[in-house]
Every structure is written in structure tokens, then in C-alpha cells.
Amino acid sequence: MGIRFDYLHAERLQLIPPQTQVAFNVNLVIGPNAVVRGDIVEIPFSLAASSNPSIVNVSIRGALIIQGDPRQVEDIAKSVNSGKSPQIIQIMIGQYVFFEVNLLLKELGIPPAMPIAPPPQQRQGEGTTMYA
């Protein structure tokens, strides 16, 4: 599994006034145009985040790339293209993207505001093998 960022944009619109509470509106879209190439599936995503008050805008586009059994990647692509991304796919993309958002915010001098959830724990003997 790997991630590819195709577009990163972050813009500070103004300095944060002291003692200001900042809320973020985040829209993360996964798919629907997943592409299978043999044993690899590419799942596109895009994120748009804005703050309230209007202090910063962030846009990110890219793709999650998963390699595995051809039947498994085909099933993943079908579920993404039907609008029902598996939760593990949402978590994987979310972790990478929210980390990148926090990094961009830090570079702009804005305190990190997006939580990064820990990866889900797999029970022993469960899961599939996929490679980046």
C-alpha cells in the first residue's frame, strides 16, 4: 500500500487573531473512479478543508495504491466505484491525508487542528496481505 499526492495547496488568508477558536470544515471524497491494473488498484481521493473564521484553505488530491490478490483488488475497486468504500480504505486515506494537512498547517504557522486516528487493530489470523 502506498499513497501518491498529485496536488497540494494550502493558503493562509490572514493571521490568527489572539484567543481565537478555529473550527475546520473538512470534505474528504474517496473514489469513485478506482482503476485496477492487474494486481494493483488506484483509489483517487480529494480533500477540501476551510476554517471558520476564514483563516486558511487546504486542498489535496491524490490516490491510494494497493497491491494484492487480483480478485481482492477488483472487489475493492467495485465497492469504491459503487460509492461504498470499505472502512479500512477510508481510515488509510484519512490517516495519510490528515497528517499532510497538519504538516501544511504547521508550515503556515497555524496550530494543528485535525486529529489523526490510530490504525485499527487486526485480530490475529485476520486480514489480507497487500503490498505497497
# chains A, B, ... in the order shown; residues from 1 in each chain; ligands from 1

call {"tool": "select_by_dssp", "arguments": {"residues": "region 31-95 of chain A", "states": "strand (DSSP E)", "output": "VMD selection string"}}
result
chain A and resid 35 to 37 40 to 52 56 to 67

call {"tool": "residues_around", "arguments": {"residues": "Asp75 (chain A)", "least_positions_apart": "3", "cutoff": "12 Å", "atoms": "only C-alpha atoms", "output": "list in words"}}
result
Ala34, Val35, Val36, Asp39, Ile40, Val41, Gly68, Asp69, Pro70, Arg71, Gln72, Lys78, Ser79, Val80, Asn81, Ser82, Lys84, Ser85 and Pro86 of chain A

call {"tool": "write_last_selection", "arguments": {"atoms": "N, CA, C and O atoms", "output": "compact mmCIF listing (two decimals), in the first residue's frame"}}
result
# COMPACT_ATOMS: atom_id res chain seq x y z
N ALA A 34 -11.98 4.29 -9.12
CA ALA A 34 -10.88 3.37 -8.82
C ALA A 34 -10.51 2.60 -10.08
O ALA A 34 -11.38 2.17 -10.84
N VAL A 35 -9.21 2.44 -10.31
CA VAL A 35 -8.72 1.78 -11.52
C VAL A 35 -7.90 0.56 -11.11
O VAL A 35 -7.02 0.64 -10.27
N VAL A 36 -8.21 -0.59 -11.75
CA VAL A 36 -7.47 -1.83 -11.49
C VAL A 36 -6.53 -2.09 -12.65
O VAL A 36 -6.92 -2.00 -13.81
N ASP A 39 -2.76 -6.66 -10.44
CA ASP A 39 -2.92 -6.87 -9.01
C ASP A 39 -2.82 -5.56 -8.22
O ASP A 39 -2.56 -5.57 -7.03
N ILE A 40 -3.01 -4.43 -8.90
CA ILE A 40 -2.93 -3.10 -8.27
C ILE A 40 -4.22 -2.35 -8.51
O ILE A 40 -4.78 -2.38 -9.60
N VAL A 41 -4.68 -1.67 -7.46
CA VAL A 41 -5.83 -0.78 -7.60
C VAL A 41 -5.41 0.61 -7.14
O VAL A 41 -4.70 0.76 -6.15
N GLY A 68 -2.33 -6.43 -4.26
CA GLY A 68 -2.75 -7.65 -3.58
C GLY A 68 -3.27 -8.67 -4.57
O GLY A 68 -3.02 -8.58 -5.77
N ASP A 69 -4.01 -9.62 -4.07
CA ASP A 69 -4.62 -10.64 -4.91
C ASP A 69 -5.54 -9.95 -5.93
O ASP A 69 -6.32 -9.08 -5.56
N PRO A 70 -5.45 -10.31 -7.22
CA PRO A 70 -6.27 -9.65 -8.24
C PRO A 70 -7.77 -9.64 -7.92
O PRO A 70 -8.46 -8.65 -8.19
N ARG A 71 -8.29 -10.72 -7.35
CA ARG A 71 -9.72 -10.75 -7.00
C ARG A 71 -10.04 -9.76 -5.89
O ARG A 71 -11.07 -9.09 -5.91
N GLN A 72 -9.14 -9.66 -4.91
CA GLN A 72 -9.36 -8.73 -3.80
C GLN A 72 -9.33 -7.29 -4.28
O GLN A 72 -10.18 -6.49 -3.88
N LYS A 78 -14.62 -2.31 -7.04
CA LYS A 78 -16.07 -2.33 -7.22
C LYS A 78 -16.78 -1.62 -6.08
O LYS A 78 -17.72 -0.85 -6.31
N SER A 79 -16.35 -1.87 -4.85
CA SER A 79 -17.01 -1.22 -3.71
C SER A 79 -16.76 0.28 -3.72
O SER A 79 -17.67 1.07 -3.44
N VAL A 80 -15.54 0.71 -4.04
CA VAL A 80 -15.25 2.14 -4.11
C VAL A 80 -16.06 2.79 -5.22
O VAL A 80 -16.66 3.86 -5.03
N ASN A 81 -16.12 2.16 -6.39
CA ASN A 81 -16.84 2.73 -7.52
C ASN A 81 -18.35 2.76 -7.32
O ASN A 81 -19.05 3.55 -7.95
N SER A 82 -18.85 1.91 -6.42
CA SER A 82 -20.28 1.92 -6.12
C SER A 82 -20.62 2.96 -5.06
O SER A 82 -21.78 3.12 -4.70
N LYS A 84 -19.38 2.90 -1.93
CA LYS A 84 -19.32 2.28 -0.60
C LYS A 84 -17.89 1.84 -0.30
O LYS A 84 -17.60 0.65 -0.25
N SER A 85 -17.01 2.81 -0.06
CA SER A 85 -15.62 2.50 0.24
C SER A 85 -15.54 1.71 1.54
O SER A 85 -16.17 2.10 2.53
N PRO A 86 -14.76 0.62 1.57
CA PRO A 86 -14.58 -0.10 2.83
C PRO A 86 -13.99 0.83 3.89
O PRO A 86 -13.19 1.72 3.59

call {"tool": "residues_around", "arguments": {"residues": "region 28-30 of chain A", "least_positions_apart": "5", "cutoff": "10 Å", "atoms": "only C-alpha atoms", "output": "count of residues only"}}
result
24

call {"tool": "atom_distance", "arguments": {"atom1": "CA of Val22 (chain A)", "atom2": "CA of Glu100 (chain A)"}}
result
18.4 Å

call {"tool": "atom_distance", "arguments": {"atom1": "CA of Ala77 (chain A)", "atom2": "CA of Arg4 (chain A)"}}
result
17.0 Å

call {"tool": "select_by_dssp", "arguments": {"residues": "chain A", "states": "alpha helix (DSSP H)", "output": "ChimeraX atom specification"}}
result
/A:70-81,87-107

call {"tool": "write_last_selection", "arguments": {"atoms": "N, CA, C and O atoms", "output": "tab-separated table (two decimals), in the first residue's frame"}}
result
chain	number	residue	atom	x	y	z
A	70	PRO	N	-5.45	-10.31	-7.22
A	70	PRO	CA	-6.27	-9.65	-8.24
A	70	PRO	C	-7.77	-9.64	-7.92
A	70	PRO	O	-8.46	-8.65	-8.19
A	71	ARG	N	-8.29	-10.72	-7.35
A	71	ARG	CA	-9.72	-10.75	-7.00
A	71	ARG	C	-10.04	-9.76	-5.89
A	71	ARG	O	-11.07	-9.09	-5.91
A	72	GLN	N	-9.14	-9.66	-4.91
A	72	GLN	CA	-9.36	-8.73	-3.80
A	72	GLN	C	-9.33	-7.29	-4.28
A	72	GLN	O	-10.18	-6.49	-3.88
A	73	VAL	N	-8.34	-6.93	-5.11
A	73	VAL	CA	-8.28	-5.54	-5.57
A	73	VAL	C	-9.46	-5.22	-6.47
A	73	VAL	O	-9.96	-4.10	-6.46
A	74	GLU	N	-9.94	-6.19	-7.22
A	74	GLU	CA	-11.14	-5.99	-8.05
A	74	GLU	C	-12.36	-5.73	-7.17
A	74	GLU	O	-13.17	-4.83	-7.45
A	75	ASP	N	-12.49	-6.48	-6.09
A	75	ASP	CA	-13.60	-6.28	-5.15
A	75	ASP	C	-13.52	-4.90	-4.49
A	75	ASP	O	-14.54	-4.23	-4.31
A	76	ILE	N	-12.30	-4.48	-4.13
A	76	ILE	CA	-12.13	-3.17	-3.53
A	76	ILE	C	-12.55	-2.08	-4.52
A	76	ILE	O	-13.28	-1.15	-4.17
A	77	ALA	N	-12.11	-2.21	-5.77
A	77	ALA	CA	-12.46	-1.22	-6.80
A	77	ALA	C	-13.96	-1.15	-7.00
A	77	ALA	O	-14.53	-0.06	-7.11
A	78	LYS	N	-14.62	-2.31	-7.04
A	78	LYS	CA	-16.07	-2.33	-7.22
A	78	LYS	C	-16.78	-1.62	-6.08
A	78	LYS	O	-17.72	-0.85	-6.31
A	79	SER	N	-16.35	-1.87	-4.85
A	79	SER	CA	-17.01	-1.22	-3.71
A	79	SER	C	-16.76	0.28	-3.72
A	79	SER	O	-17.67	1.07	-3.44
A	80	VAL	N	-15.54	0.71	-4.04
A	80	VAL	CA	-15.25	2.14	-4.11
A	80	VAL	C	-16.06	2.79	-5.22
A	80	VAL	O	-16.66	3.86	-5.03
A	81	ASN	N	-16.12	2.16	-6.39
A	81	ASN	CA	-16.84	2.73	-7.52
A	81	ASN	C	-18.35	2.76	-7.32
A	81	ASN	O	-19.05	3.55	-7.95
A	87	GLN	N	-14.37	0.63	5.13
A	87	GLN	CA	-13.93	1.49	6.21
A	87	GLN	C	-12.41	1.52	6.33
A	87	GLN	O	-11.82	2.57	6.59
A	88	ILE	N	-11.75	0.40	6.10
A	88	ILE	CA	-10.29	0.36	6.20
A	88	ILE	C	-9.66	1.28	5.16
A	88	ILE	O	-8.65	1.93	5.42
A	89	ILE	N	-10.26	1.38	3.98
A	89	ILE	CA	-9.77	2.28	2.93
A	89	ILE	C	-9.94	3.73	3.39
A	89	ILE	O	-9.03	4.55	3.25
A	90	GLN	N	-11.09	4.05	3.97
A	90	GLN	CA	-11.34	5.40	4.48
A	90	GLN	C	-10.32	5.76	5.56
A	90	GLN	O	-9.79	6.87	5.58
A	91	ILE	N	-10.03	4.82	6.45
A	91	ILE	CA	-9.08	5.07	7.54
A	91	ILE	C	-7.67	5.27	6.98
A	91	ILE	O	-6.96	6.20	7.39
A	92	MET	N	-7.26	4.42	6.04
A	92	MET	CA	-5.92	4.55	5.47
A	92	MET	C	-5.73	5.90	4.79
A	92	MET	O	-4.74	6.59	5.04
A	93	ILE	N	-6.67	6.27	3.94
A	93	ILE	CA	-6.56	7.56	3.25
A	93	ILE	C	-6.63	8.69	4.27
A	93	ILE	O	-5.82	9.62	4.22
A	94	GLY	N	-7.56	8.61	5.21
A	94	GLY	CA	-7.71	9.66	6.22
A	94	GLY	C	-6.44	9.89	7.00
A	94	GLY	O	-6.04	11.04	7.24
A	95	GLN	N	-5.77	8.83	7.42
A	95	GLN	CA	-4.53	8.99	8.20
A	95	GLN	C	-3.46	9.73	7.42
A	95	GLN	O	-2.84	10.65	7.93
A	96	TYR	N	-3.23	9.32	6.19
A	96	TYR	CA	-2.21	9.98	5.38
A	96	TYR	C	-2.58	11.43	5.10
A	96	TYR	O	-1.75	12.33	5.22
A	97	VAL	N	-3.83	11.66	4.71
A	97	VAL	CA	-4.24	12.99	4.31
A	97	VAL	C	-4.28	13.95	5.50
A	97	VAL	O	-3.82	15.09	5.39
A	98	PHE	N	-4.81	13.51	6.65
A	98	PHE	CA	-4.88	14.40	7.80
A	98	PHE	C	-3.49	14.71	8.34
A	98	PHE	O	-3.23	15.81	8.83
A	99	PHE	N	-2.57	13.76	8.24
A	99	PHE	CA	-1.19	14.04	8.61
A	99	PHE	C	-0.63	15.14	7.72
A	99	PHE	O	0.01	16.08	8.18
A	100	GLU	N	-0.87	15.02	6.42
A	100	GLU	CA	-0.38	16.02	5.47
A	100	GLU	C	-1.02	17.39	5.71
A	100	GLU	O	-0.34	18.42	5.64
A	101	VAL	N	-2.30	17.42	6.03
A	101	VAL	CA	-2.98	18.68	6.35
A	101	VAL	C	-2.31	19.33	7.56
A	101	VAL	O	-2.01	20.53	7.55
A	102	ASN	N	-2.08	18.56	8.61
A	102	ASN	CA	-1.44	19.10	9.80
A	102	ASN	C	-0.04	19.62	9.49
A	102	ASN	O	0.37	20.66	10.02
A	103	LEU	N	0.69	18.94	8.63
A	103	LEU	CA	2.02	19.39	8.24
A	103	LEU	C	1.94	20.72	7.49
A	103	LEU	O	2.71	21.64	7.75
A	104	LEU	N	0.98	20.82	6.57
A	104	LEU	CA	0.80	22.08	5.83
A	104	LEU	C	0.39	23.22	6.77
A	104	LEU	O	0.90	24.34	6.64
A	105	LEU	N	-0.51	22.93	7.72
A	105	LEU	CA	-0.92	23.96	8.68
A	105	LEU	C	0.27	24.42	9.50
A	105	LEU	O	0.44	25.63	9.75
A	106	LYS	N	1.11	23.50	9.91
A	106	LYS	CA	2.30	23.85	10.70
A	106	LYS	C	3.20	24.77	9.90
A	106	LYS	O	3.73	25.76	10.42
A	107	GLU	N	3.41	24.46	8.62
A	107	GLU	CA	4.26	25.29	7.77
A	107	GLU	C	3.70	26.71	7.62
A	107	GLU	O	4.46	27.65	7.41

call {"tool": "residues_around", "arguments": {"residues": "region 50-53 of chain A", "least_positions_apart": "3", "cutoff": "9 Å", "atoms": "only C-alpha atoms", "output": "list in words"}}
result
Ile16, Thr20, Gln21, Val22, Ala23, Phe24, Asn25, Val26, Val56, Asn57, Val58 and Ser59 of chain A
